[in-house]
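Data file: target.cif. Format and content: mmCIF, C-alpha atoms.
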data_model
#
loop_
_atom_site.label_atom_id
_atom_site.label_comp_id
_atom_site.auth_asym_id
_atom_site.auth_seq_id
_atom_site.Cartn_x
_atom_site.Cartn_y
_atom_site.Cartn_z
CA MET A 1340 50.91 42.21 -93.86
CA ILE A 1341 53.69 40.73 -91.79
CA GLU A 1342 51.91 38.16 -89.65
CA PHE A 1343 53.71 37.74 -86.37
CA ARG A 1344 52.61 34.55 -84.66
CA PHE A 1345 53.49 35.99 -81.25
CA GLU A 1346 52.99 39.66 -80.38
CA GLU A 1347 56.37 39.49 -78.63
CA GLU A 1348 58.00 39.10 -82.06
CA TYR A 1349 56.76 42.55 -83.00
CA GLN A 1350 57.81 44.04 -79.65
CA TYR A 1351 61.25 42.43 -79.92
CA ALA A 1352 61.82 43.71 -83.48
CA VAL A 1353 60.65 47.22 -82.52
CA HIS A 1354 63.00 47.14 -79.52
CA TYR A 1355 65.96 46.50 -81.85
CA ALA A 1356 64.83 48.99 -84.49
CA ARG A 1357 64.91 51.64 -81.75
CA LYS A 1358 68.16 50.38 -80.28
CA LEU A 1359 69.80 50.48 -83.72
CA SER A 1360 68.23 53.91 -84.43
CA ASP A 1361 66.74 52.48 -87.61
CA ALA A 1362 63.76 54.76 -88.27
CA LYS A 1363 63.06 53.20 -91.65
CA ALA A 1364 62.82 49.69 -90.17
CA LEU A 1365 60.66 51.01 -87.34
CA ASN A 1366 58.30 52.59 -89.87
CA ILE A 1367 58.09 49.33 -91.86
CA LEU A 1368 57.40 47.35 -88.67
CA GLU A 1369 54.67 49.78 -87.57
CA ARG A 1370 53.00 49.44 -90.98
CA ARG A 1371 53.76 45.72 -90.94
CA ALA A 1372 54.37 45.98 -94.67
CA VAL A 1373 56.93 47.09 -97.23
CA SER A 1374 55.97 49.27 -100.16
CA ASP A 1375 58.70 48.47 -102.66
CA SER A 1376 61.87 46.51 -103.40
CA GLU A 1377 64.11 49.00 -101.61
CA GLU A 1378 62.10 48.64 -98.39
CA ALA A 1379 62.12 44.85 -98.76
CA LYS A 1380 65.91 44.93 -98.95
CA HIS A 1381 66.08 47.31 -95.99
CA LEU A 1382 63.87 45.06 -93.86
CA SER A 1383 66.01 42.03 -94.77
CA GLU A 1384 69.20 43.87 -93.84
CA PHE A 1385 67.64 45.13 -90.61
CA PHE A 1386 66.74 41.55 -89.67
CA TRP A 1387 70.36 40.38 -89.81
CA ARG A 1388 71.62 43.53 -88.05
CA MET A 1389 69.10 42.77 -85.31
CA VAL A 1390 70.43 39.20 -85.06
CA ASP A 1391 74.00 40.46 -84.66
CA ALA A 1392 72.94 43.08 -82.08
CA SER A 1393 70.97 40.54 -80.05
CA ILE A 1394 73.94 38.16 -79.99
CA GLU A 1395 76.12 41.00 -78.67
CA ASP A 1396 73.49 41.77 -76.01
CA GLU A 1397 73.50 38.14 -74.87
CA LYS A 1398 77.30 38.16 -74.67
CA LEU A 1399 77.07 41.28 -72.49
CA ASP A 1400 74.41 39.57 -70.36
CA ILE A 1401 71.91 42.34 -71.07
CA ASP A 1402 68.47 41.33 -69.83
CA LEU A 1403 65.55 41.78 -72.20
CA PRO A 1404 61.88 41.83 -71.14
CA TRP A 1405 61.19 38.40 -72.63
CA SER A 1406 61.87 35.04 -71.01
CA GLU A 1407 62.84 33.35 -74.24
CA GLY A 1408 66.33 33.88 -75.61
CA ALA A 1409 67.39 35.81 -78.70
CA GLU A 1410 67.77 32.69 -80.86
CA PHE A 1411 64.14 31.73 -80.25
CA TRP A 1412 62.79 35.16 -81.18
CA ASN A 1413 65.15 35.63 -84.11
CA GLU A 1414 64.03 32.33 -85.64
CA LYS A 1415 60.35 33.19 -85.15
CA ILE A 1416 60.83 36.65 -86.68
CA MET A 1417 62.86 35.22 -89.55
CA ASN A 1418 59.99 32.93 -90.51
CA SER A 1419 57.44 35.74 -90.17
CA VAL A 1420 59.47 38.29 -92.16
CA SER A 1421 60.84 35.99 -94.86
CA GLY A 1422 57.44 34.31 -95.27
CA TYR A 1423 55.85 37.72 -95.76
CA LEU A 1424 58.52 38.88 -98.25
CA GLU A 1425 58.13 35.65 -100.27
CA ARG A 1426 54.34 36.02 -100.40
CA SER A 1427 54.69 39.66 -101.45
CA GLY A 1428 57.04 39.01 -104.36
CA TYR A 1429 60.26 40.10 -102.63
CA GLU A 1430 61.91 36.70 -102.27
CA LYS A 1431 64.89 37.83 -104.37
CA GLU A 1432 65.62 40.76 -102.02
CA TRP A 1433 65.52 38.46 -98.97
CA ASP A 1434 67.71 35.83 -100.67
CA GLU A 1435 70.35 38.34 -101.77
CA VAL A 1436 70.76 39.63 -98.23
CA LEU A 1437 70.74 36.06 -96.85
CA ASP A 1438 73.56 35.05 -99.19
CA ARG A 1439 75.75 37.84 -97.81
CA GLN A 1440 75.54 36.48 -94.25
CA MET B 272 67.20 4.53 -97.20
CA GLU B 273 70.83 5.17 -97.90
CA GLN B 274 72.70 6.73 -94.99
CA PHE B 275 74.49 9.88 -96.10
CA LYS B 276 77.89 10.15 -94.46
CA THR B 277 79.25 12.86 -96.70
CA ILE B 278 77.55 14.90 -99.38
CA ASN B 279 78.68 17.39 -101.92
CA ASP B 280 75.44 19.13 -102.58
CA LEU B 281 72.78 19.08 -99.92
CA SER B 282 70.27 20.85 -102.12
CA VAL B 283 70.27 17.91 -104.55
CA VAL B 284 69.78 15.44 -101.71
CA ILE B 285 66.81 17.33 -100.30
CA LYS B 286 65.18 17.73 -103.73
CA GLU B 287 65.57 14.03 -104.46
CA CYS B 288 64.26 12.88 -101.08
CA GLU B 289 60.65 13.99 -100.99
CA GLY B 290 59.42 14.20 -97.42
CA MET B 291 62.86 14.74 -95.92
CA LEU B 292 62.59 17.03 -92.91
CA CYS B 293 65.72 18.57 -91.46
CA ARG B 294 66.72 20.19 -88.21
CA PRO B 295 70.06 21.96 -87.75
CA THR B 296 71.49 21.12 -84.33
CA ARG B 297 74.59 22.29 -82.49
CA ARG B 298 77.17 19.49 -82.10
CA LEU B 299 76.63 17.64 -78.79
CA SER B 300 73.09 18.97 -78.45
CA HIS B 301 70.06 16.73 -78.82
CA PRO B 302 68.10 16.87 -82.10
CA THR B 303 64.62 16.97 -80.54
CA LEU B 304 65.13 18.02 -76.91
CA TYR B 305 66.79 21.13 -75.51
CA ARG B 306 69.52 21.29 -72.92
CA ARG B 307 70.07 24.31 -70.69
CA HIS B 308 72.90 25.65 -72.84
CA ASP B 309 70.70 25.55 -75.97
CA VAL B 310 68.26 28.20 -74.75
CA GLY B 311 68.14 31.62 -73.11
CA LYS B 312 68.97 31.68 -69.39
CA ARG B 313 65.37 32.49 -68.37
CA GLU B 314 63.72 30.32 -71.01
CA ARG B 315 61.36 27.66 -69.62
CA ILE B 316 62.20 24.08 -70.55
CA VAL B 317 60.72 20.99 -68.92
CA LYS B 318 62.85 17.87 -69.30
CA GLY B 319 64.06 19.11 -72.67
CA VAL B 320 60.76 20.44 -73.99
CA ARG B 321 60.72 24.19 -74.61
CA VAL B 322 57.42 25.35 -73.15
CA LYS B 323 56.87 28.15 -75.68
CA ASP B 324 57.02 25.70 -78.61
CA TRP B 325 53.87 23.83 -77.61
CA LEU B 326 50.32 24.52 -76.47
CA LEU B 327 50.15 23.23 -72.92
CA SER B 328 47.24 22.80 -70.52
CA GLU B 329 46.96 25.31 -67.67
CA ASP B 330 48.62 22.92 -65.23
CA GLY B 331 51.45 22.35 -67.72
CA LYS B 332 51.05 18.56 -67.62
CA TRP B 333 49.31 18.04 -70.96
CA VAL B 334 50.26 18.92 -74.51
CA VAL B 335 47.23 20.07 -76.49
CA PRO B 336 47.04 19.64 -80.31
CA HIS B 337 47.69 22.79 -82.33
CA GLU B 338 48.50 22.64 -86.04
CA GLN B 339 50.86 25.61 -85.87
CA MET B 340 52.74 24.81 -82.68
CA GLY B 341 55.49 22.27 -82.15
CA LEU B 342 59.09 21.61 -83.04
CA SER B 343 60.48 23.39 -86.13
CA PHE B 344 61.78 21.48 -89.15
CA SER B 345 62.84 22.50 -92.67
CA SER B 346 61.55 20.71 -95.76
CA THR B 347 63.43 22.77 -98.36
CA TYR B 348 67.06 23.60 -98.96
CA LYS B 349 66.20 27.30 -98.80
CA ASN B 350 64.56 27.18 -95.38
CA LEU B 351 67.30 24.91 -94.09
CA LYS B 352 69.92 27.40 -95.26
CA GLU B 353 68.15 30.25 -93.45
CA VAL B 354 67.85 28.39 -90.16
CA TYR B 355 71.39 27.02 -90.46
CA LYS B 356 72.87 30.49 -90.98
CA LEU B 357 70.96 31.83 -88.00
CA LYS B 358 72.13 28.93 -85.83
CA GLU B 359 75.72 29.42 -86.97
CA LYS B 360 75.61 33.07 -85.90
CA HIS B 361 74.23 32.12 -82.48
CA ASN B 362 76.81 29.38 -81.97
CA GLN B 363 80.01 30.95 -83.26
CA GLY B 364 82.92 28.54 -83.41
CA LYS B 365 80.67 25.51 -82.83
CA SER B 366 79.94 22.82 -85.40
CA ILE B 367 76.36 22.56 -86.62
CA ASP B 368 75.04 19.21 -87.81
CA VAL B 369 71.81 18.58 -89.70
CA TYR B 370 69.54 15.84 -88.39
CA TRP B 371 66.90 14.57 -90.76
CA VAL B 372 63.95 12.23 -90.82
CA LEU B 373 61.45 11.01 -93.40
CA GLU B 374 57.99 12.46 -92.90
CA LYS B 375 56.08 9.35 -93.95
CA SER B 376 57.95 6.53 -92.28
CA ASP B 377 59.77 7.56 -89.16
CA ILE B 378 57.24 9.38 -87.03
CA PRO B 379 55.94 7.86 -83.76
CA PRO B 380 52.12 7.65 -83.49
CA GLY B 381 50.50 10.76 -82.06
CA LEU B 382 52.93 13.08 -83.86
CA LYS B 383 52.49 14.67 -87.27
CA PHE B 384 54.28 17.18 -89.46
CA GLU B 385 52.16 20.19 -90.40
CA PRO B 386 53.30 22.88 -92.87
CA ASP B 387 53.63 26.40 -91.49
CA VAL B 388 50.77 28.25 -93.18
CA SER B 389 52.79 31.46 -93.42
CA LYS B 390 56.28 30.21 -94.34
CA LYS B 391 57.20 27.98 -97.28
CA GLY B 392 59.48 25.09 -96.40
CA HIS B 393 58.91 25.37 -92.65
CA PHE B 394 57.08 22.60 -90.80
CA PHE B 395 55.96 22.03 -87.24
CA LEU B 396 56.17 18.61 -85.63
CA THR B 397 52.83 18.68 -83.82
CA VAL B 398 50.80 16.39 -81.55
CA THR B 399 47.59 14.94 -83.02
CA GLU B 400 45.94 14.14 -79.68
CA PRO B 401 46.20 15.43 -76.12
CA MET B 402 49.08 13.68 -74.40
CA LEU B 403 50.98 13.95 -71.17
CA LEU B 404 54.19 15.94 -71.42
CA SER B 405 56.04 12.79 -70.34
CA ALA B 406 54.52 10.92 -73.35
CA LEU B 407 55.67 13.68 -75.72
CA ILE B 408 59.18 13.51 -74.29
CA ALA B 409 59.28 9.73 -74.82
CA LYS B 410 58.11 10.14 -78.43
CA LEU B 411 60.67 12.89 -79.10
CA LYS B 412 63.41 10.61 -77.78
CA LEU B 413 62.16 7.78 -80.01
CA LEU B 414 62.10 10.09 -83.02
CA ALA B 415 65.65 11.25 -82.28
CA HIS B 416 66.82 7.62 -82.39
CA ARG B 417 65.32 7.30 -85.87
CA MET B 418 66.98 10.43 -87.22
CA SER B 419 70.06 10.42 -89.43
CA VAL B 420 72.72 13.09 -89.31
CA ILE B 421 74.83 15.04 -91.78
CA LYS B 422 77.90 16.29 -89.94
CA ASP B 423 79.12 19.86 -90.52
CA ALA B 424 76.52 20.53 -93.21
CA GLY B 425 77.72 24.12 -93.61
CA ARG B 426 80.16 23.07 -96.31
CA ALA B 427 77.20 22.00 -98.43
CA LEU B 428 75.08 25.04 -97.64
#
Written form, structure tokens:
Amino acid sequence: MIEFRFEEEYQYAVHYARKLSDAKALNILERRAVSDSEEAKHLSEFFWRMVDASIEDEKLDIDLPWSEGAEFWNEKIMNSVSGYLERSGYEKEWDEVLDRQ
Amino acid sequence: MEQFKTINDLSVVIKECEGMLCRPTRRLSHPTLYRRHDVGKRERIVKGVRVKDWLLSEDGKWVVPHEQMGLSFSSTYKNLKEVYKLKEKHNQGKSIDVYWVLEKSDIPPGLKFEPDVSKKGHFFLTVTEPMLLSALIAKLKLLAHRMSVIKDAGRAL
């Protein structure tokens, strides 16, 4: 299970899965788990798309429901998601996507 | 400890220096305290301490020990690379430096590094005893003075 330290991490990630119309990521987040390598790669790619989208939102001064900024939540979610993928045997999938950033 | 001014391979340095804890920091920002431009516009900081990082008493004056709350540091090249890349994206066009400290020798009393139980290579700098927020701020300033810096570490990452 993806263990989010703050419930806001989950809400933030779901917000961006919906905003990016990423049904697969939304499904993974709702299950808080991936079922195979392909989903692990998709979750990793979604994470970095979410980062880029949140940076654009901050540039456009779009208010989000959380007091903390995008960098704070993105770092928290990165630790939660990458920690989960490493524990679940999908470190390679996370690393490959990371190296493309 | 040798002061690293330039390095060719940061991963080798980190592997060789057991107990080296790193914190990527935007150029001209402080390594242990936040300035207004470092955080979201509605984010709560008190004299450089980001409120959400720590467990505070109800009146906000005391910092309460919590093994999984505090300031984030990286103990591995891999975790450092992740945090560095994220920080680079959030600070496009700005230089990112890496501040580092030795876990065993450079930490003011009342502070301690605790590993994140759910993320390899990620540590929290925590408080070991209840302390006034003003005392934490003084200790974070002292720690910052003891930290060394690798400028523009991106070339090595």
Once the PyMOL selection byres ((chain A) within 8 of (chain B)) has been evaluated on this model, what residues remain selected, and can you format them as a PDB file with C-alpha atoms, keeping the file's coordinate frame?
ATOM      1  CA  GLU A1342      51.910  38.160 -89.650  1.00  0.00           C
ATOM      2  CA  VAL A1390      70.430  39.200 -85.060  1.00  0.00           C
ATOM      3  CA  ASP A1391      74.000  40.460 -84.660  1.00  0.00           C
ATOM      4  CA  ILE A1394      73.940  38.160 -79.990  1.00  0.00           C
ATOM      5  CA  SER A1406      61.870  35.040 -71.010  1.00  0.00           C
ATOM      6  CA  GLU A1407      62.840  33.350 -74.240  1.00  0.00           C
ATOM      7  CA  GLY A1408      66.330  33.880 -75.610  1.00  0.00           C
ATOM      8  CA  ALA A1409      67.390  35.810 -78.700  1.00  0.00           C
ATOM      9  CA  GLU A1410      67.770  32.690 -80.860  1.00  0.00           C
ATOM     10  CA  PHE A1411      64.140  31.730 -80.250  1.00  0.00           C
ATOM     11  CA  ASN A1413      65.150  35.630 -84.110  1.00  0.00           C
ATOM     12  CA  GLU A1414      64.030  32.330 -85.640  1.00  0.00           C
ATOM     13  CA  ASN A1418      59.990  32.930 -90.510  1.00  0.00           C
ATOM     14  CA  SER A1419      57.440  35.740 -90.170  1.00  0.00           C
ATOM     15  CA  SER A1421      60.840  35.990 -94.860  1.00  0.00           C
ATOM     16  CA  GLY A1422      57.440  34.310 -95.270  1.00  0.00           C
ATOM     17  CA  TYR A1423      55.850  37.720 -95.760  1.00  0.00           C
ATOM     18  CA  LEU A1437      70.740  36.060 -96.850  1.00  0.00           C
ATOM     19  CA  GLN A1440      75.540  36.480 -94.250  1.00  0.00           C
TER      20      GLN A1440
END
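If you look at CA of Asp1375 (chain A) and CA of Glu1435 (chain A), they are 15.5 Å away from each other.
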Shell around region 293-308 of chain B at 6 Å using only C-alpha atoms, local window under 5 positions removed, as JSON, numbers by chain: {"B": [319, 320, 344, 345, 355, 366, 367, 368, 369, 370, 371, 411]}
What residues come out when you apply the PyMOL selection byres ((chain A and resi 1385) around 10) to this file, written as a PDB file with C-alpha atoms, in the coordinates of the input?
ATOM      1  CA  ALA A1352      61.820  43.710 -83.480  1.00  0.00           C
ATOM      2  CA  TYR A1355      65.960  46.500 -81.850  1.00  0.00           C
ATOM      3  CA  ALA A1356      64.830  48.990 -84.490  1.00  0.00           C
ATOM      4  CA  LEU A1359      69.800  50.480 -83.720  1.00  0.00           C
ATOM      5  CA  ASP A1361      66.740  52.480 -87.610  1.00  0.00           C
ATOM      6  CA  LYS A1363      63.060  53.200 -91.650  1.00  0.00           C
ATOM      7  CA  ALA A1364      62.820  49.690 -90.170  1.00  0.00           C
ATOM      8  CA  LEU A1365      60.660  51.010 -87.340  1.00  0.00           C
ATOM      9  CA  ALA A1379      62.120  44.850 -98.760  1.00  0.00           C
ATOM     10  CA  LYS A1380      65.910  44.930 -98.950  1.00  0.00           C
ATOM     11  CA  HIS A1381      66.080  47.310 -95.990  1.00  0.00           C
ATOM     12  CA  LEU A1382      63.870  45.060 -93.860  1.00  0.00           C
ATOM     13  CA  SER A1383      66.010  42.030 -94.770  1.00  0.00           C
ATOM     14  CA  GLU A1384      69.200  43.870 -93.840  1.00  0.00           C
ATOM     15  CA  PHE A1386      66.740  41.550 -89.670  1.00  0.00           C
ATOM     16  CA  TRP A1387      70.360  40.380 -89.810  1.00  0.00           C
ATOM     17  CA  ARG A1388      71.620  43.530 -88.050  1.00  0.00           C
ATOM     18  CA  MET A1389      69.100  42.770 -85.310  1.00  0.00           C
ATOM     19  CA  VAL A1390      70.430  39.200 -85.060  1.00  0.00           C
ATOM     20  CA  ASP A1391      74.000  40.460 -84.660  1.00  0.00           C
ATOM     21  CA  VAL A1436      70.760  39.630 -98.230  1.00  0.00           C
TER      22      VAL A1436
END
Atom-to-atom span, CA of Asp1400 (chain A) and CA of Glu1348 (chain A), Å: 20.2 Å
Residues matched by the PyMOL selection byres ((chain B and resi 336) around 10), written as a list of chain:residue names: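 For this structure, the PyMOL selection byres ((chain B and resi 336) around 10) captures B:Trp325, B:Leu326, B:Leu327, B:Trp333, B:Val334, B:Val335, B:His337, B:Glu338, B:Gln339, B:Met340, B:Gly341, B:Gly381, B:Leu382, B:Thr397, B:Val398, B:Thr399, B:Glu400, B:Pro401, B:Met402.
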Point-to-point distance from CA of Ser346 (chain B) to CA of Met291 (chain B), Å rounded to tenths: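 Those two atoms sit 6.1 Å apart.
Remark: for Lys1431 (chain A), the closest of the candidate residues A:Ser1376, A:Leu1403, A:Arg1370, A:Ala1362 is A:Ser1376 (distances computed over only C-alpha atoms).
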Distance criterion (only C-alpha atoms): nearest to Leu342 (chain B) out of A:Arg1426, A:Lys1415, A:Arg1439, A:Arg1357: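 For Leu342 (chain B), the nearest of the given residues is A:Lys1415.
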Nearest candidate to Tyr1349 (chain A) (options A:Ala1392, A:Trp1412, A:Glu1377, A:Asp1438; using only C-alpha atoms):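 Closest to Tyr1349 (chain A), using only C-alpha atoms: A:Trp1412.
With all atoms listed in the file as the atoms that count, the residue of B:His416, B:Asp423, B:Thr347, B:Val317 with the shortest distance to Lys332 (chain B) is B:Val317.
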